[in-house]
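Colleague: Right, I'll just put the structure down here and ask away after.
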Amino acid sequence: MDDTELLFIQPGHTLYPEELELRYRVLREPLGFPRSAVTFPFEAQSLHLVLRQGATVLGCVLFNPEDAHGGRLFQMAVSPPLQGRGLGARLVIALEEELRRRGFTHVHLHARANVVPFYERLGYEVYGEPFTEVNIPHRHMRKSLASSILPGRRSQEA
Ligand SMILES: CC(C)(COP(=O)(O)OP(=O)(O)OC[C@H]1O[C@@H](n2cnc3c(N)ncnc32)[C@H](O)[C@@H]1OP(=O)(O)O)[C@@H](O)C(=O)NCCC(=O)NCCS
């Protein structure tokens with residue numbers, strides 16, 4: 001698995017159709033939604049991080065910047081045979097690194113209820129009331145990206 005590469009792409013990249021195919025197969029087809037339900041209105045303005053192995057996209061995660069400080073992580077998917085091997089966590093951690101580099105301080109997301117523990121392991125917390133999206137139960141979750149550097153800053157200020 002060390003011949004894989006994390007790559008930020010945009011619609012128009014040669015890997016984008018592969019990314020859309022993965023999103024369809026993992027996030028939409030199992031729920032009975034058509035291919036037309038894969039894309040979002042804010043597709044072009046979003047960051048698309050893919051984990052590639054050659055011309056194959058094994059996983060992806062997207063981020064829509066909603067203002068200068070934060071935005072929404074969405075379309076988190078790992079190829080089914082490769083789930084549970086740390087690839088999802090690798091994608092989120094790499095996305096967060098890039099977001100910090102760009103000056104973003106917080107991330108929120110709509111977590112499917114069954115994957116709340118995946119995001120909790122990565123430092124996200126549930127907030128607000130449960131809700132339904134794509135016909136399944138979801139929870140709002142969020143994380144402050146600044147939190148990992150705050151303890152150092154605090155000790156410097158103290
Ligand atoms: C959810 C998903 C992205 C996680 O990616 P993954 O590569 O399978 O997860 P990882 O192997 O990186 O897991 C990281 C940790 O989270 C845990 N975890 C992952 N999915 C979990 C789940 N559904 N429930 C509980 N824990 C989970 C893993 O056990 C692992 O724990 P560890 O750090 O103690 O080893 C992936 O399983 C997937 O694509 N699922 C289907 C689509 C989906 O639900 N996407 C999210 C929409 S909100």
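Chain lettering (A, B, ...) mirrors the order of the structure tokens, residue numbering begins at 1 for each chain separately, and ligand numbering begins at 1 in order of display.
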Please return, as a count of residues only, all residues of stretch 90-145 of chain A that DSSP assigns to helix (DSSP H, G or I) on the basis of the backbone.
Modeller: 22
Colleague: For ligand 1, collect every residue having any atom at a distance of at most 9 Å from a ligand atom (counting only C-alpha atoms and all ligand atoms); output as a compact mmCIF listing (two decimals) with C-alpha atoms, in the first residue's frame.
Modeller:
```txt
# COMPACT_ATOMS: atom_id res chain seq x y z
CA ARG A 23 -18.28 8.64 -4.29
CA VAL A 26 -19.59 4.18 -1.65
CA LEU A 27 -21.94 7.03 -0.72
CA GLY A 59 -10.37 7.17 -1.08
CA CYS A 60 -11.41 10.80 -1.00
CA VAL A 61 -12.54 13.62 1.24
CA LEU A 73 -15.81 18.40 5.40
CA PHE A 74 -17.96 16.17 3.16
CA GLN A 75 -17.96 13.16 0.78
CA MET A 76 -15.60 11.09 2.94
CA ALA A 77 -15.23 7.70 1.29
CA VAL A 78 -12.83 4.76 1.20
CA SER A 79 -13.08 1.87 -1.26
CA PRO A 80 -15.01 -0.90 0.56
CA LEU A 82 -9.79 -1.21 1.90
CA GLN A 83 -11.90 0.16 4.74
CA GLY A 84 -10.60 -0.33 8.28
CA ARG A 85 -6.91 -0.04 7.35
CA GLY A 86 -6.33 3.56 8.39
CA LEU A 87 -6.87 5.17 4.99
CA GLY A 88 -9.84 7.27 6.09
CA ALA A 89 -7.91 8.63 9.05
CA ARG A 90 -4.93 9.35 6.80
CA LEU A 91 -7.16 11.39 4.47
CA VAL A 92 -8.72 13.46 7.27
CA LEU A 109 -19.43 17.96 9.04
CA HIS A 110 -22.61 15.92 8.77
CA ALA A 111 -21.68 12.49 10.11
CA ARG A 112 -23.71 9.41 9.36
CA ALA A 113 -24.70 8.15 12.82
CA ASN A 114 -22.86 4.85 12.34
CA VAL A 115 -19.52 6.57 11.67
CA VAL A 116 -19.61 9.08 14.55
CA PRO A 117 -16.92 7.00 16.38
CA PHE A 118 -14.58 7.31 13.36
CA TYR A 119 -14.70 11.11 13.60
CA GLU A 120 -14.55 11.08 17.42
CA ARG A 121 -11.22 9.21 17.20
CA LEU A 122 -10.00 12.08 15.05
CA HIS A 138 -26.91 11.99 10.93
CA ARG A 139 -25.20 14.05 13.63
```
Colleague: Once DSSP has gone over the backbone, tell me which residues of stretch 98-135 of chain A are in strand (DSSP E), as a ChimeraX atom specification.
Modeller: /A:106-112,125-133
Colleague: Counting only C-alpha atoms, what are the residues of stretch 58-89 of chain A within 7 Å of stretch 28-46 of chain A, and for each of them which pair of atoms is the nearest and at what distance in Å, to one decimal? Sort the table by chain and rising number, as a Markdown table.
Modeller:
```
| residue | atom | partner | partner_atom | distance |
| --- | --- | --- | --- | --- |
| A:Leu62 | CA | A:Ser46 | CA | 6.5 |
| A:Phe63 | CA | A:Ser46 | CA | 5.4 |
| A:Asn64 | CA | A:Ser46 | CA | 4.4 |
| A:Pro65 | CA | A:Ser46 | CA | 6.6 |
```
Colleague: Nearest residue to A:Ile93 out of A:Glu129, A:Asn135, A:Phe8, A:Gly123, using only C-alpha atoms?
Modeller: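 Of A:Glu129, A:Asn135, A:Phe8, A:Gly123, the one nearest A:Ile93, counting only C-alpha atoms, is A:Gly123.
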Colleague: One decimal, in Å: what's the spacing between atom CA of A:Leu58 and atom CA of A:Glu21?
Modeller: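 One can read the atom CA of A:Leu58 to atom CA of A:Glu21 distance as 10.5 Å.
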Colleague: With distances taken over only C-alpha atoms, which residue among A:Ser144, A:Gly54, A:Gly103, A:His108 lies nearest A:Gly128?
Modeller: A:His108
Colleague: For A:Tyr127, list every protein, DNA or RNA residue within 8 Å, evaluated using only C-alpha atoms, and leave out those in the same chain fewer than 6 positions away; present the list as a tab-separated table (two decimals) with C-alpha atoms, in the first residue's frame.
Modeller:
```
chain	number	residue	atom	x	y	z
A	139	ARG	CA	-25.20	14.05	13.63
A	140	HIS	CA	-23.54	17.44	13.40
A	141	MET	CA	-19.85	17.24	14.35
A	142	ARG	CA	-17.10	19.84	14.59
```
Colleague: Find the residues near A:Thr56: any atom within 12 Å, counting only C-alpha atoms, skip ones fewer than 5 places away on the same chain, and give them as a ChimeraX atom specification.
Modeller: /A:3-6,14-22,50-51,78-79
Colleague: Dump C-alpha atoms for the selected residues as an mmCIF file, in the first residue's frame?
Modeller:
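Final file, part_9.cif:
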```cif
data_model
loop_
_atom_site.group_PDB
_atom_site.id
_atom_site.type_symbol
_atom_site.label_atom_id
_atom_site.label_comp_id
_atom_site.auth_asym_id
_atom_site.auth_seq_id
_atom_site.Cartn_x
_atom_site.Cartn_y
_atom_site.Cartn_z
ATOM 1 C CA ASP A 3 2.604 3.002 -3.778
ATOM 2 C CA THR A 4 -0.276 5.301 -2.863
ATOM 3 C CA GLU A 5 -0.218 9.086 -3.032
ATOM 4 C CA LEU A 6 -2.358 11.816 -1.503
ATOM 5 C CA THR A 14 -7.903 13.250 -15.002
ATOM 6 C CA LEU A 15 -8.617 11.578 -11.624
ATOM 7 C CA TYR A 16 -11.884 13.489 -11.061
ATOM 8 C CA PRO A 17 -14.118 10.937 -12.885
ATOM 9 C CA GLU A 18 -12.534 8.228 -10.702
ATOM 10 C CA GLU A 19 -13.260 10.293 -7.594
ATOM 11 C CA LEU A 20 -16.906 10.683 -8.683
ATOM 12 C CA GLU A 21 -17.167 6.940 -9.357
ATOM 13 C CA LEU A 22 -15.877 6.127 -5.861
ATOM 14 C CA VAL A 50 -7.839 11.893 -3.162
ATOM 15 C CA LEU A 51 -5.750 8.885 -2.227
ATOM 16 C CA VAL A 78 -12.834 4.756 1.204
ATOM 17 C CA SER A 79 -13.084 1.875 -1.262
#
```
Colleague: Skipping near chain neighbours, those fewer than 5 positions away, what residues fall within 7 Å of A:Thr105 using only C-alpha atoms, listed as a list in words?
Modeller: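 Near A:Thr105, the qualifying residues are His69, Gly70, Arg100, Ser144, Leu145 and Ala146 of chain A.
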Colleague: Quick one: write out the picked residues with C-alpha atoms as a PDB file, in the first residue's frame?
Modeller:
```pdb
ATOM      1  CA  HIS A  69     -12.032  30.606   8.950  1.00  0.00           C
ATOM      2  CA  GLY A  70     -13.877  27.367   8.411  1.00  0.00           C
ATOM      3  CA  ARG A 100      -4.200  24.684   8.964  1.00  0.00           C
ATOM      4  CA  SER A 144     -11.281  23.277  16.196  1.00  0.00           C
ATOM      5  CA  LEU A 145      -8.105  22.975  14.144  1.00  0.00           C
ATOM      6  CA  ALA A 146      -6.360  25.446  16.410  1.00  0.00           C
TER       7      ALA A 146
END
```
Colleague: Can you pull out every residue within 6 Å of A:Lys143, counting only C-alpha atoms, but drop anything in the same chain fewer than 3 positions away, and send it as a list in words?
Modeller: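 Here the answer would be His106, Val107 and Tyr124 of chain A.
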Colleague: Residues of the last selection are to be written out with N, CA and C atoms, as a PDB file, in the first residue's frame.
Modeller:
```pdb
ATOM      1  N   HIS A 106     -11.527  26.041  11.878  1.00  0.00           N
ATOM      2  CA  HIS A 106     -12.515  25.047  12.295  1.00  0.00           C
ATOM      3  C   HIS A 106     -13.186  24.336  11.121  1.00  0.00           C
ATOM      4  N   VAL A 107     -13.608  23.119  11.424  1.00  0.00           N
ATOM      5  CA  VAL A 107     -14.234  22.228  10.441  1.00  0.00           C
ATOM      6  C   VAL A 107     -15.525  21.697  11.040  1.00  0.00           C
ATOM      7  N   TYR A 124     -13.192  14.979  16.615  1.00  0.00           N
ATOM      8  CA  TYR A 124     -14.428  15.724  16.350  1.00  0.00           C
ATOM      9  C   TYR A 124     -15.436  15.459  17.468  1.00  0.00           C
TER      10      TYR A 124
END
```
